[in-house]
Structure formats: structure tokens, C-alpha cells
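For reference, target-v1.csv is printed below; it contains CSV, C-alpha atoms.
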chain,number,residue,atom,x,y,z
A,1,MET,CA,93.0,52.5,118.6
A,2,TRP,CA,96.1,52.9,116.6
A,3,LYS,CA,94.1,52.9,113.4
A,4,GLN,CA,92.1,55.9,114.7
A,5,ARG,CA,95.3,57.7,115.6
A,6,LEU,CA,96.7,57.0,112.2
A,7,GLN,CA,93.6,58.4,110.6
A,8,ILE,CA,93.9,61.5,112.8
A,9,PHE,CA,97.5,62.0,111.8
A,10,VAL,CA,96.7,61.6,108.1
A,11,PHE,CA,93.9,64.1,108.5
A,12,LEU,CA,96.1,66.6,110.2
A,13,ASP,CA,98.8,66.2,107.5
A,14,LEU,CA,96.3,66.7,104.8
A,15,LEU,CA,94.9,69.8,106.6
A,16,VAL,CA,98.4,71.3,106.9
A,17,LEU,CA,99.1,70.5,103.2
A,18,VAL,CA,95.9,72.1,102.1
A,19,THR,CA,96.5,75.1,104.2
A,20,ALA,CA,100.0,75.5,102.9
A,21,VAL,CA,98.8,75.2,99.3
A,22,GLY,CA,96.1,77.8,100.0
A,23,ILE,CA,98.6,80.2,101.4
A,24,ARG,CA,101.0,79.8,98.5
A,25,MET,CA,98.1,80.2,96.0
A,26,HIS,CA,97.1,83.4,97.8
A,27,VAL,CA,100.7,84.8,97.8
A,28,LEU,CA,101.1,84.0,94.1
A,29,GLU,CA,97.8,85.6,93.3
A,30,ARG,CA,98.7,88.7,95.2
A,31,THR,CA,102.1,88.9,93.6
A,32,GLU,CA,100.5,88.6,90.1
A,33,GLN,CA,98.0,91.3,91.0
A,34,GLU,CA,100.9,93.6,92.2
A,35,ARG,CA,102.8,92.9,89.0
A,36,THR,CA,99.8,93.8,86.9
A,37,VAL,CA,99.4,97.0,88.8
A,38,ILE,CA,103.0,97.9,88.3
A,39,GLU,CA,102.9,97.1,84.6
A,40,THR,CA,99.7,99.1,84.1
A,41,SER,CA,101.2,102.1,85.9
A,42,GLN,CA,104.3,101.9,83.7
A,43,THR,CA,102.2,101.7,80.6
A,44,ILE,CA,100.2,104.7,81.6
A,45,ALA,CA,103.4,106.7,82.5
A,46,ALA,CA,104.9,105.8,79.2
A,47,SER,CA,101.8,106.9,77.3
A,48,ASP,CA,101.8,110.2,79.1
A,49,MET,CA,105.4,111.0,78.0
A,50,LYS,CA,105.5,113.2,74.9
A,51,PRO,CA,108.3,113.0,72.3
A,52,LYS,CA,110.7,115.9,72.9
A,53,ILE,CA,112.3,118.2,70.3
A,54,ALA,CA,114.3,121.4,70.6
A,55,LEU,CA,113.7,124.6,68.7
A,56,THR,CA,116.9,126.7,68.3
A,57,PHE,CA,117.5,130.1,66.8
A,58,ASP,CA,120.8,131.6,65.5
A,59,ASP,CA,122.1,135.1,64.7
A,60,GLY,CA,119.9,137.2,66.9
A,61,PRO,CA,118.7,139.1,68.7
A,62,HIS,CA,116.9,141.2,66.1
A,63,PRO,CA,115.3,144.4,67.5
A,64,VAL,CA,111.9,143.7,65.9
A,65,PHE,CA,111.6,140.0,64.9
A,66,THR,CA,113.0,138.5,68.1
A,67,PRO,CA,110.5,140.2,70.4
A,68,GLU,CA,107.7,139.1,68.0
A,69,LEU,CA,109.0,135.5,68.3
A,70,LEU,CA,109.2,135.8,72.1
A,71,ASP,CA,105.6,136.9,72.2
A,72,GLY,CA,104.5,134.0,70.1
A,73,LEU,CA,106.5,131.4,72.1
A,74,LYS,CA,105.1,132.8,75.4
A,75,GLU,CA,101.5,132.5,74.1
A,76,ARG,CA,102.2,128.8,73.3
A,77,ASN,CA,104.1,128.1,76.5
A,78,VAL,CA,107.2,127.0,74.6
A,79,GLN,CA,110.9,127.4,75.7
A,80,ALA,CA,113.5,127.6,73.0
A,81,THR,CA,117.3,128.0,72.7
A,82,PHE,CA,118.8,131.2,71.3
A,83,PHE,CA,122.4,131.2,70.1
A,84,VAL,CA,123.2,134.9,70.0
A,85,ILE,CA,125.8,136.9,68.2
A,86,GLY,CA,127.8,139.2,70.5
A,87,LYS,CA,127.7,142.3,68.3
A,88,ASN,CA,123.9,142.0,68.1
A,89,VAL,CA,123.5,141.9,71.9
A,90,THR,CA,124.7,145.5,72.2
A,91,GLY,CA,121.6,147.7,72.1
A,92,ASN,CA,119.3,144.8,72.6
A,93,GLU,CA,120.0,144.1,76.2
A,94,GLU,CA,116.3,144.1,77.2
A,95,ILE,CA,115.6,141.4,74.7
A,96,ILE,CA,118.4,139.2,76.1
A,97,LYS,CA,117.0,139.8,79.6
A,98,ARG,CA,113.5,138.9,78.5
A,99,MET,CA,114.9,135.6,76.9
A,100,ALA,CA,116.2,134.6,80.3
A,101,ASP,CA,113.1,135.8,82.2
A,102,ASP,CA,110.9,133.8,79.9
A,103,GLY,CA,112.8,130.6,80.6
A,104,HIS,CA,114.7,130.3,77.3
A,105,LEU,CA,118.3,129.0,77.1
A,106,ILE,CA,120.8,131.5,75.8
A,107,GLY,CA,123.7,130.1,73.9
A,108,ASN,CA,126.8,131.5,72.2
A,109,HIS,CA,127.2,132.1,68.4
A,110,THR,CA,130.5,134.0,68.6
A,111,PHE,CA,130.8,137.7,68.6
A,112,ASP,CA,131.2,138.4,64.9
A,113,HIS,CA,129.8,135.2,63.4
A,114,VAL,CA,133.2,133.9,62.3
A,115,GLU,CA,134.4,130.5,61.3
A,116,ILE,CA,136.2,129.3,64.4
A,117,THR,CA,138.5,126.8,62.6
A,118,LYS,CA,140.1,129.7,60.7
A,119,LEU,CA,141.1,131.5,63.9
A,120,SER,CA,144.0,131.1,66.3
A,121,GLN,CA,143.2,129.6,69.7
A,122,GLU,CA,143.4,133.1,71.2
A,123,GLU,CA,141.1,134.7,68.6
A,124,ALA,CA,138.6,131.9,68.8
A,125,SER,CA,138.5,132.0,72.5
A,126,ASP,CA,138.1,135.8,72.5
A,127,GLU,CA,135.1,135.5,70.1
A,128,ILE,CA,133.3,133.2,72.5
A,129,GLU,CA,134.3,134.8,75.8
A,130,ARG,CA,133.3,138.3,74.7
A,131,THR,CA,129.8,137.1,73.9
A,132,SER,CA,129.5,135.1,77.0
A,133,ASN,CA,130.6,138.1,79.1
A,134,LEU,CA,128.0,140.3,77.5
A,135,VAL,CA,125.2,137.8,78.3
A,136,GLU,CA,126.5,137.4,81.8
A,137,GLU,CA,126.4,141.1,82.5
A,138,ILE,CA,122.7,141.1,81.5
A,139,THR,CA,121.5,137.8,82.9
A,140,GLY,CA,124.0,137.0,85.6
A,141,SER,CA,124.9,133.7,83.9
A,142,PRO,CA,127.5,133.0,81.3
A,143,THR,CA,126.8,131.0,78.1
A,144,GLU,CA,127.6,127.3,78.5
A,145,TYR,CA,126.4,126.1,75.1
A,146,VAL,CA,128.0,127.2,71.9
A,147,ARG,CA,126.9,126.8,68.3
A,148,PRO,CA,129.8,127.4,66.0
A,149,PRO,CA,129.0,129.3,62.9
A,150,PHE,CA,128.7,127.0,59.8
A,151,GLY,CA,128.8,124.0,62.2
A,152,LEU,CA,132.6,124.0,62.2
A,153,TRP,CA,134.2,123.5,65.6
A,154,LYS,CA,137.7,123.1,67.1
A,155,ASP,CA,137.8,120.1,69.3
A,156,ASP,CA,141.0,121.2,71.0
A,157,LEU,CA,139.8,124.8,71.7
A,158,GLU,CA,140.3,125.9,75.3
A,159,CYS,CA,138.6,128.9,76.8
A,160,GLY,CA,138.2,130.3,80.3
A,161,ILE,CA,134.5,129.3,80.3
A,162,GLN,CA,132.6,126.1,79.9
A,163,MET,CA,131.7,125.3,76.3
A,164,ILE,CA,129.4,122.5,75.0
A,165,PRO,CA,129.1,122.6,71.2
A,166,VAL,CA,125.6,122.1,69.9
A,167,MET,CA,124.8,121.2,66.3
A,168,TRP,CA,121.5,120.4,64.7
A,169,THR,CA,119.6,117.6,63.0
A,170,VAL,CA,116.9,119.5,61.0
A,171,ASP,CA,118.0,122.4,58.9
A,172,PRO,CA,115.4,123.9,56.5
A,173,LEU,CA,117.8,126.5,55.3
A,174,ASP,CA,115.3,129.2,56.3
A,175,TRP,CA,117.9,132.0,55.7
A,176,THR,CA,117.9,131.3,52.0
A,177,THR,CA,114.2,131.9,51.4
A,178,GLY,CA,111.4,134.3,52.4
A,179,ASN,CA,108.8,131.6,51.9
A,180,ALA,CA,107.6,130.6,55.4
A,181,THR,CA,105.4,127.8,54.0
A,182,ASN,CA,108.4,126.1,52.4
A,183,VAL,CA,110.3,126.3,55.7
A,184,VAL,CA,107.4,124.9,57.6
A,185,ASN,CA,107.0,121.9,55.2
A,186,LYS,CA,110.7,121.1,55.3
A,187,VAL,CA,110.6,120.8,59.1
A,188,VAL,CA,107.3,119.1,59.9
A,189,THR,CA,107.9,116.4,57.2
A,190,LYS,CA,111.3,115.5,58.6
A,191,VAL,CA,111.2,116.0,62.3
A,192,LYS,CA,111.2,113.1,64.8
A,193,GLU,CA,111.8,112.7,68.5
A,194,ASN,CA,114.9,114.3,70.0
A,195,ASP,CA,115.6,116.4,66.9
A,196,ILE,CA,117.2,119.8,67.2
A,197,ILE,CA,115.7,122.2,64.7
A,198,LEU,CA,117.8,125.1,63.3
A,199,LEU,CA,116.2,128.4,62.5
A,200,HIS,CA,117.1,132.1,62.6
A,201,ASP,CA,115.3,134.8,64.5
A,202,TYR,CA,116.9,137.5,62.3
A,203,TYR,CA,114.3,137.0,59.5
A,204,GLU,CA,110.6,137.8,59.6
A,205,SER,CA,109.7,134.7,57.5
A,206,SER,CA,111.7,132.5,59.8
A,207,VAL,CA,109.8,133.8,62.8
A,208,GLN,CA,106.5,133.2,61.1
A,209,ALA,CA,107.5,129.7,60.1
A,210,ALA,CA,108.7,128.9,63.6
A,211,LEU,CA,105.3,129.7,65.2
A,212,ARG,CA,103.5,127.7,62.6
A,213,ILE,CA,105.9,124.8,63.2
A,214,VAL,CA,105.1,125.0,66.9
A,215,ASP,CA,101.4,124.9,66.3
A,216,ILE,CA,101.6,121.9,64.0
A,217,LEU,CA,103.9,119.8,66.1
A,218,GLN,CA,102.2,120.6,69.4
A,219,LYS,CA,99.0,119.2,67.8
A,220,GLU,CA,101.0,116.1,66.9
A,221,GLY,CA,101.9,115.6,70.5
A,222,TYR,CA,105.5,117.0,70.6
A,223,GLU,CA,106.9,118.8,73.6
A,224,PHE,CA,109.4,121.6,72.9
A,225,VAL,CA,112.4,121.8,75.3
A,226,THR,CA,115.7,123.6,75.5
A,227,VAL,CA,118.7,121.8,74.0
A,228,ASP,CA,120.2,121.1,77.4
A,229,GLU,CA,117.4,118.7,78.2
A,230,LEU,CA,118.1,116.6,75.1
A,231,ILE,CA,121.9,116.7,75.5
A,232,LEU,CA,122.0,115.9,79.2
A,233,GLU,CA,119.5,113.1,79.1
Can you dump the structure from the file as C-alpha cells?
Amino acid sequence: MWKQRLQIFVFLDLLVLVTAVGIRMHVLERTEQERTVIETSQTIAASDMKPKIALTFDDGPHPVFTPELLDGLKERNVQATFFVIGKNVTGNEEIIKRMADDGHLIGNHTFDHVEITKLSQEEASDEIERTSNLVEEITGSPTEYVRPPFGLWKDDLECGIQMIPVMWTVDPLDWTTGNATNVVNKVVTKVKENDIILLHDYYESSVQAALRIVDILQKEGYEFVTVDELILE
């Protein structure tokens, strides 16, 4: 009798062990499946992310060329950043309003396009604040981003408004030539993810080059964003 009981106990122990192993195998298999699903989702999400770059324009607005540029950017569903000169804003208020309405970021390029480092604190602050005030009167928002002319900035400059200096990483020197093709080639052969491209909307050839650059780089998979997206990420 005791042998039969022993056999029953052994059988039950084996049954429990087999059941436990089966459950563990099922859990491990399910965990592996879930991990595969997560990794696949992450891979798909990563492949859907386009490399971002920012297109920026200095010295405007121009009464003719800037509207042409805005038309072209709107057709291509592209937002850019415009660093405007205060003295060029006067008389071109509708252009500034359209920039804001179209979703572009409006930055500050001083009032008179002066070298900030050669001015006193008060003079430099006035150059920036006057431009910001003009933009705010038109759009309801001050300029938070500043591109100092010639790329020269005072780190200790204090103004009554927020200022985030923005430089650039790709400069085709478009203002030195009327050859749009040369400008396009200089940009598209150098640009990479997270680059900030410097152009000027005050020249017809620069506007033509800008739209060709957009067409080429969009086909290569780039997404154009305003500079705040690159800086704040």
C-alpha cells in the first residue's frame, strides 16, 4: 500500500513540476513577444522621424522679395525663421503680420544692423528693444530670439526683454553673389541634421535659391522647422 501511495505522491510532484515549468515557459514566451512588439514599434517610430533643419533669413523684410518667399514657403508647407531689421519693419507691417499668421518665427536683427559689441549697454539694448517693440505692436508678441549682426554678441548684455542669441552652422554667403545655383550647391552639399542655414530675404537670388534648397532637401527627407525647435530640444 505504501508503495502505491509513494507512486501517487511522486506522480503528483511531477505533475506540479511540469505545470510550473509550462507556466514559466508561457510567461517567458509572452514576455519575449511583448519585447519584440515594443522593439518593432520603436524601430518604426524611429524610421518615421525625419532629420530636422532650420531655414533662417536675415535683413528683411523686403517689400517685394519677402512676400515672394512667403508665397513659396506656404506652397511647400515650410516654416522658417526671420530675423528682421527694425528700420525695415516700418512700412512693411503687413509682411510682418503675414509672417506670424503663416506660422513663421520672427526674430530680432537689431534696428540698424549694427555691431552690438561696439555699442554701450544702453545703445545695444535700445537697438534690440526698439525692434522687438515694433514687432510686438504688429503681432502681439515680442521677439525672444536675436541674431546679432556679423555673429558678434555681448554675453553680458542685459535688456528689458528676453533674448536668446541664435547663430548658424551653414552660411553660403548668399549676399556676396547673384548666382542662385552656387548658393544652392553650397547648402545642399554641406547640410546635415540639426543644421541652421543662414540666408537673406533681401535679395532676389537668395529667395530663388531658398526655394530650390527646400525642394531638394525635402526630397531627401529633411523636415524644415523654426530655430526654437532645434534650440529647445
Nearest to Thr169 in chain A: which of A:Thr110, A:Thr226, A:Asn194, A:Ser132 is it, counting all atoms listed in the file? A:Asn194
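Shortest atom-to-atom contact with Val89 in chain A among A:Leu134, A:Val114, A:Met49, A:Leu152: A:Leu134, counting all atoms listed in the file.
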His104 in chain A environment, 8 Å, all atoms listed in the file, sequence neighbours closer than 4 positions dropped, as number ranges by chain: A: 79-82, 99-100, 226
Set the distance at 12 Å and use all atoms listed in the file: which residues neighbour range 157-161 of chain A once local chain neighbours fewer than 4 positions away are removed? I'd like the list as a ChimeraX atom specification. /A:108,116-117,119-133,136,141-146,148,152-153,165
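Going from CA of Ala210 in chain A over to CA of Leu73 in chain A, you cover 9.1 Å.
The residue that comes closest to Val170 in chain A, out of A:Val191, A:Phe150, A:Asp228, A:Asp58 and on the basis of all atoms listed in the file, is A:Val191.
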For Glu220 in chain A, list every protein, DNA or RNA residue within 10 Å, evaluated using only C-alpha atoms, and leave out those in the same chain fewer than 4 positions away; present the list as a short mmCIF file (atom, residue, chain, number, x, y, z; two decimals) with C-alpha atoms, keeping the file's coordinate frame.
data_model
loop_
_atom_site.label_atom_id
_atom_site.label_comp_id
_atom_site.auth_asym_id
_atom_site.auth_seq_id
_atom_site.Cartn_x
_atom_site.Cartn_y
_atom_site.Cartn_z
CA LYS A 50 105.50 113.20 74.90
CA PRO A 51 108.30 113.00 72.30
CA VAL A 188 107.30 119.10 59.90
CA VAL A 214 105.10 125.00 66.90
CA ASP A 215 101.40 124.90 66.30
CA ILE A 216 101.60 121.90 64.00
#
